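Printed here is start_10.csv (CSV, C-alpha atoms and all ligand atoms):
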```csv
chain,number,residue,atom,x,y,z
A,1,MET,CA,-55.0,-107.7,149.9
A,2,LYS,CA,-53.0,-107.3,146.7
A,3,GLU,CA,-49.5,-108.7,146.9
A,4,LEU,CA,-47.2,-108.3,143.9
A,5,THR,CA,-44.4,-110.7,143.3
A,6,TRP,CA,-41.4,-109.7,141.2
A,7,ASP,CA,-40.6,-112.5,138.9
A,8,ARG,CA,-38.9,-113.0,135.5
A,9,THR,CA,-42.0,-111.9,133.6
A,10,LEU,CA,-41.4,-108.4,135.1
A,11,SER,CA,-37.8,-108.3,134.0
A,12,VAL,CA,-36.9,-105.8,131.3
A,13,GLU,CA,-33.5,-107.5,130.9
A,14,VAL,CA,-31.5,-104.5,132.3
A,15,PRO,CA,-30.3,-105.5,135.8
A,16,GLU,CA,-30.1,-102.0,137.2
A,17,ILE,CA,-33.6,-101.2,136.1
A,18,ASP,CA,-34.9,-104.6,137.4
A,19,GLU,CA,-33.3,-103.7,140.7
A,20,ASP,CA,-35.2,-100.4,140.9
A,21,HIS,CA,-38.5,-102.2,139.9
A,22,ARG,CA,-37.9,-104.8,142.7
A,23,ARG,CA,-37.6,-102.0,145.2
A,24,LEU,CA,-40.8,-100.4,143.9
A,25,VAL,CA,-42.7,-103.7,144.1
A,26,ASP,CA,-41.4,-104.1,147.7
A,27,LEU,CA,-42.7,-100.6,148.6
A,28,TYR,CA,-46.0,-101.3,146.9
A,29,ASN,CA,-46.4,-104.4,149.0
A,30,ILE,CA,-45.5,-102.6,152.2
A,31,LEU,CA,-48.2,-100.0,151.4
A,32,SER,CA,-50.7,-102.7,150.5
A,33,HIS,CA,-50.1,-104.5,153.8
A,34,ALA,CA,-50.3,-101.3,155.8
A,35,VAL,CA,-53.7,-100.5,154.3
A,36,ALA,CA,-55.0,-104.0,154.8
A,37,GLU,CA,-53.8,-104.1,158.4
A,38,GLY,CA,-55.2,-100.7,159.3
A,39,GLU,CA,-52.0,-99.0,160.1
A,40,SER,CA,-52.2,-95.3,161.1
A,41,ALA,CA,-52.9,-92.6,158.5
A,42,GLU,CA,-49.5,-91.1,159.3
A,43,TYR,CA,-47.7,-94.3,158.7
A,44,ILE,CA,-49.5,-94.9,155.4
A,45,ALA,CA,-48.8,-91.4,154.3
A,46,ALA,CA,-45.1,-92.0,155.0
A,47,VAL,CA,-45.1,-95.1,152.9
A,48,THR,CA,-46.9,-93.4,150.1
A,49,ASP,CA,-44.4,-90.5,150.2
A,50,GLU,CA,-41.5,-93.0,150.1
A,51,LEU,CA,-43.1,-94.9,147.1
A,52,ILE,CA,-43.6,-91.6,145.2
A,53,ALA,CA,-40.1,-90.3,146.0
A,54,CYS,CA,-38.5,-93.6,145.0
A,55,THR,CA,-40.5,-93.7,141.7
A,56,LEU,CA,-39.4,-90.2,140.9
A,57,TRP,CA,-35.8,-91.1,141.5
A,58,HIS,CA,-36.3,-94.3,139.4
A,59,PHE,CA,-37.8,-92.4,136.5
A,60,ARG,CA,-34.8,-90.0,136.4
A,61,HIS,CA,-32.6,-93.1,136.4
A,62,GLU,CA,-34.4,-94.6,133.4
A,63,GLU,CA,-34.4,-91.3,131.6
A,64,ARG,CA,-30.7,-90.9,132.1
A,65,LEU,CA,-30.0,-94.4,130.6
A,66,MET,CA,-32.3,-93.7,127.7
A,67,LEU,CA,-30.5,-90.4,127.0
A,68,LYS,CA,-27.0,-92.0,127.3
A,69,HIS,CA,-27.8,-94.8,124.8
A,70,GLY,CA,-29.8,-92.7,122.4
A,71,TYR,CA,-33.2,-94.4,122.8
A,72,PRO,CA,-35.4,-93.1,120.1
A,73,GLY,CA,-38.6,-93.4,122.3
A,74,LEU,CA,-37.2,-91.1,125.0
A,75,ALA,CA,-39.6,-88.2,124.6
A,76,GLU,CA,-42.6,-90.5,124.5
A,77,HIS,CA,-41.4,-92.5,127.6
A,78,LYS,CA,-40.7,-89.3,129.5
A,79,ALA,CA,-44.2,-88.0,128.8
A,80,GLU,CA,-45.6,-91.3,130.2
A,81,HIS,CA,-43.5,-90.8,133.3
A,82,ALA,CA,-44.7,-87.3,133.7
A,83,GLU,CA,-48.3,-88.5,133.4
A,84,LEU,CA,-47.8,-91.3,136.0
A,85,MET,CA,-46.2,-88.9,138.4
A,86,ALA,CA,-49.0,-86.4,138.0
A,87,ASP,CA,-51.6,-89.2,138.7
A,88,ALA,CA,-49.7,-90.3,141.8
A,89,GLN,CA,-49.3,-86.7,143.1
A,90,ALA,CA,-53.0,-86.0,142.4
A,91,LEU,CA,-54.0,-89.0,144.4
A,92,GLN,CA,-51.7,-87.9,147.3
A,93,GLN,CA,-53.0,-84.4,147.2
A,94,ARG,CA,-56.6,-85.6,147.1
A,95,LEU,CA,-56.0,-87.7,150.2
A,96,VAL,CA,-54.3,-84.9,152.1
A,97,ALA,CA,-57.0,-82.4,151.1
A,98,ALA,CA,-59.8,-84.7,152.2
A,99,GLY,CA,-58.0,-85.8,155.4
A,100,GLU,CA,-58.3,-89.4,154.2
A,101,THR,CA,-55.9,-92.2,154.1
A,102,VAL,CA,-55.2,-94.6,151.2
A,103,ALA,CA,-58.1,-96.9,150.5
A,104,SER,CA,-57.9,-100.4,148.9
A,105,THR,CA,-59.2,-98.9,145.6
A,106,ASP,CA,-56.2,-96.5,145.7
A,107,VAL,CA,-53.9,-99.5,146.2
A,108,GLU,CA,-55.5,-101.2,143.1
A,109,PHE,CA,-54.9,-98.0,141.2
A,110,LEU,CA,-51.3,-98.0,142.2
A,111,GLU,CA,-50.8,-101.6,141.3
A,112,ARG,CA,-52.1,-101.0,137.7
A,113,TRP,CA,-50.0,-97.8,137.7
A,114,LEU,CA,-46.9,-99.7,138.4
A,115,VAL,CA,-47.4,-102.9,136.5
A,116,GLU,CA,-48.9,-101.6,133.3
A,117,HIS,CA,-46.0,-99.2,132.9
A,118,ILE,CA,-43.4,-102.0,133.4
A,119,TYR,CA,-45.2,-104.3,131.0
A,120,GLY,CA,-45.7,-101.6,128.4
A,121,ALA,CA,-43.2,-98.8,128.0
A,122,ASP,CA,-40.4,-100.3,130.1
A,123,MET,CA,-40.3,-103.6,128.2
A,124,LYS,CA,-39.9,-101.7,124.9
A,125,MET,CA,-37.2,-99.6,126.5
A,126,GLY,CA,-35.5,-102.7,128.0
A,127,LEU,CA,-35.4,-104.4,124.6
A,128,TYR,CA,-33.5,-101.5,123.2
A,129,LEU,CA,-31.2,-100.8,126.2
A,130,SER,CA,-30.3,-104.5,126.8
A,131,ALA,CA,-28.9,-104.5,123.2
A,132,ALA,CA,-27.3,-101.1,123.4
A,133,MET,CA,-25.6,-101.3,126.9
B,201,FE,FE,-40.3,-96.1,132.7
```
Any chance you could put this one into structure tokens?
Amino acid sequence: MKELTWDRTLSVEVPEIDEDHRRLVDLYNILSHAVAEGESAEYIAAVTDELIACTLWHFRHEERLMLKHGYPGLAEHKAEHAELMADAQALQQRLVAAGETVASTDVEFLERWLVEHIYGADMKMGLYLSAAM
């Protein structure tokens, strides 16, 4: 089972964004545990819904901060958010359509989905925002 630990290497140096990311990491771990422990499909679907809803809210939060502080990479970052959200929703819809639950390969996909965005686009944004805020 994949377990993510939030540590300083994941910090984007903007406390309110780090707080959101911690919450997303927690939810990811709850999902990963649920899949590994064979929880019911209904429970796993509820955790997946929560993770997606929380991520959507968090993306809006980041986008508002970027807008407020005039981040020059806003359009690019927003486009990446839209792509990530589309990927997660496609996964969710595929599972619902197939009547399947989240598999460990889906959990791995979501781990990359979360961590690569934080290490990539979010670090760049954090560098700018931590100086601007
Ligand atoms: Fe982001």
Between atom CA of A:Val35 and atom CA of A:Lys2, distance in Å (one decimal):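 Separation between atom CA of A:Val35 and atom CA of A:Lys2: 10.2 Å.
With distances restricted to only C-alpha atoms, A:Val96 is the closest residue to A:Ala46 from A:Val96, A:Leu110, A:Val25, A:Leu65.
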Could you tell me, counting only C-alpha atoms and all ligand atoms, which protein and nucleic acid residues lie no more than 10 Å from ligand FE 201 (chain B), written as a compact mmCIF listing (two decimals) with C-alpha atoms, in the frame of the given file?
```txt
# COMPACT_ATOMS: atom_id res chain seq x y z
CA ILE A 17 -33.60 -101.20 136.10
CA HIS A 21 -38.50 -102.20 139.90
CA THR A 55 -40.50 -93.70 141.70
CA HIS A 58 -36.30 -94.30 139.40
CA PHE A 59 -37.80 -92.40 136.50
CA ARG A 60 -34.80 -90.00 136.40
CA HIS A 61 -32.60 -93.10 136.40
CA GLU A 62 -34.40 -94.60 133.40
CA GLU A 63 -34.40 -91.30 131.60
CA MET A 66 -32.30 -93.70 127.70
CA LEU A 74 -37.20 -91.10 125.00
CA HIS A 77 -41.40 -92.50 127.60
CA LYS A 78 -40.70 -89.30 129.50
CA ALA A 79 -44.20 -88.00 128.80
CA GLU A 80 -45.60 -91.30 130.20
CA HIS A 81 -43.50 -90.80 133.30
CA ALA A 82 -44.70 -87.30 133.70
CA LEU A 84 -47.80 -91.30 136.00
CA LEU A 114 -46.90 -99.70 138.40
CA HIS A 117 -46.00 -99.20 132.90
CA ILE A 118 -43.40 -102.00 133.40
CA TYR A 119 -45.20 -104.30 131.00
CA GLY A 120 -45.70 -101.60 128.40
CA ALA A 121 -43.20 -98.80 128.00
CA ASP A 122 -40.40 -100.30 130.10
CA MET A 123 -40.30 -103.60 128.20
CA LYS A 124 -39.90 -101.70 124.90
CA MET A 125 -37.20 -99.60 126.50
CA GLY A 126 -35.50 -102.70 128.00
```
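Between atom CA of A:Trp6 and atom CA of A:Arg94 lies a distance of 29.1 Å.
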Residue among A:Pro15, A:Asp49, A:Lys68, A:Glu100 lying closest to A:Tyr28, counting all atoms listed in the file: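 The answer is A:Asp49, which sits nearest to A:Tyr28.
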d(atom CA of A:Leu56, atom CA of A:Leu95) in Å: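 Here the two named atoms are 19.2 Å from each other.
Excluding A:Thr105 itself and any same-chain residue fewer than 4 positions from it, the protein and nucleic acid residues within 12 Å of it, counting all atoms listed in the file, are Met1, Lys2, Ser32, Val35, Ala36, Leu91, Thr101, Phe109, Leu110, Glu111 and Arg112 of chain A.
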Keeping C-alpha atoms for every residue in the selection just given, could you write it to a file as a compact mmCIF listing (two decimals), in the frame of the given file?
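Once everything was written out, this is result-v6.txt:
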```txt
# COMPACT_ATOMS: atom_id res chain seq x y z
CA MET A 1 -55.00 -107.70 149.90
CA LYS A 2 -53.00 -107.30 146.70
CA SER A 32 -50.70 -102.70 150.50
CA VAL A 35 -53.70 -100.50 154.30
CA ALA A 36 -55.00 -104.00 154.80
CA LEU A 91 -54.00 -89.00 144.40
CA THR A 101 -55.90 -92.20 154.10
CA PHE A 109 -54.90 -98.00 141.20
CA LEU A 110 -51.30 -98.00 142.20
CA GLU A 111 -50.80 -101.60 141.30
CA ARG A 112 -52.10 -101.00 137.70
```
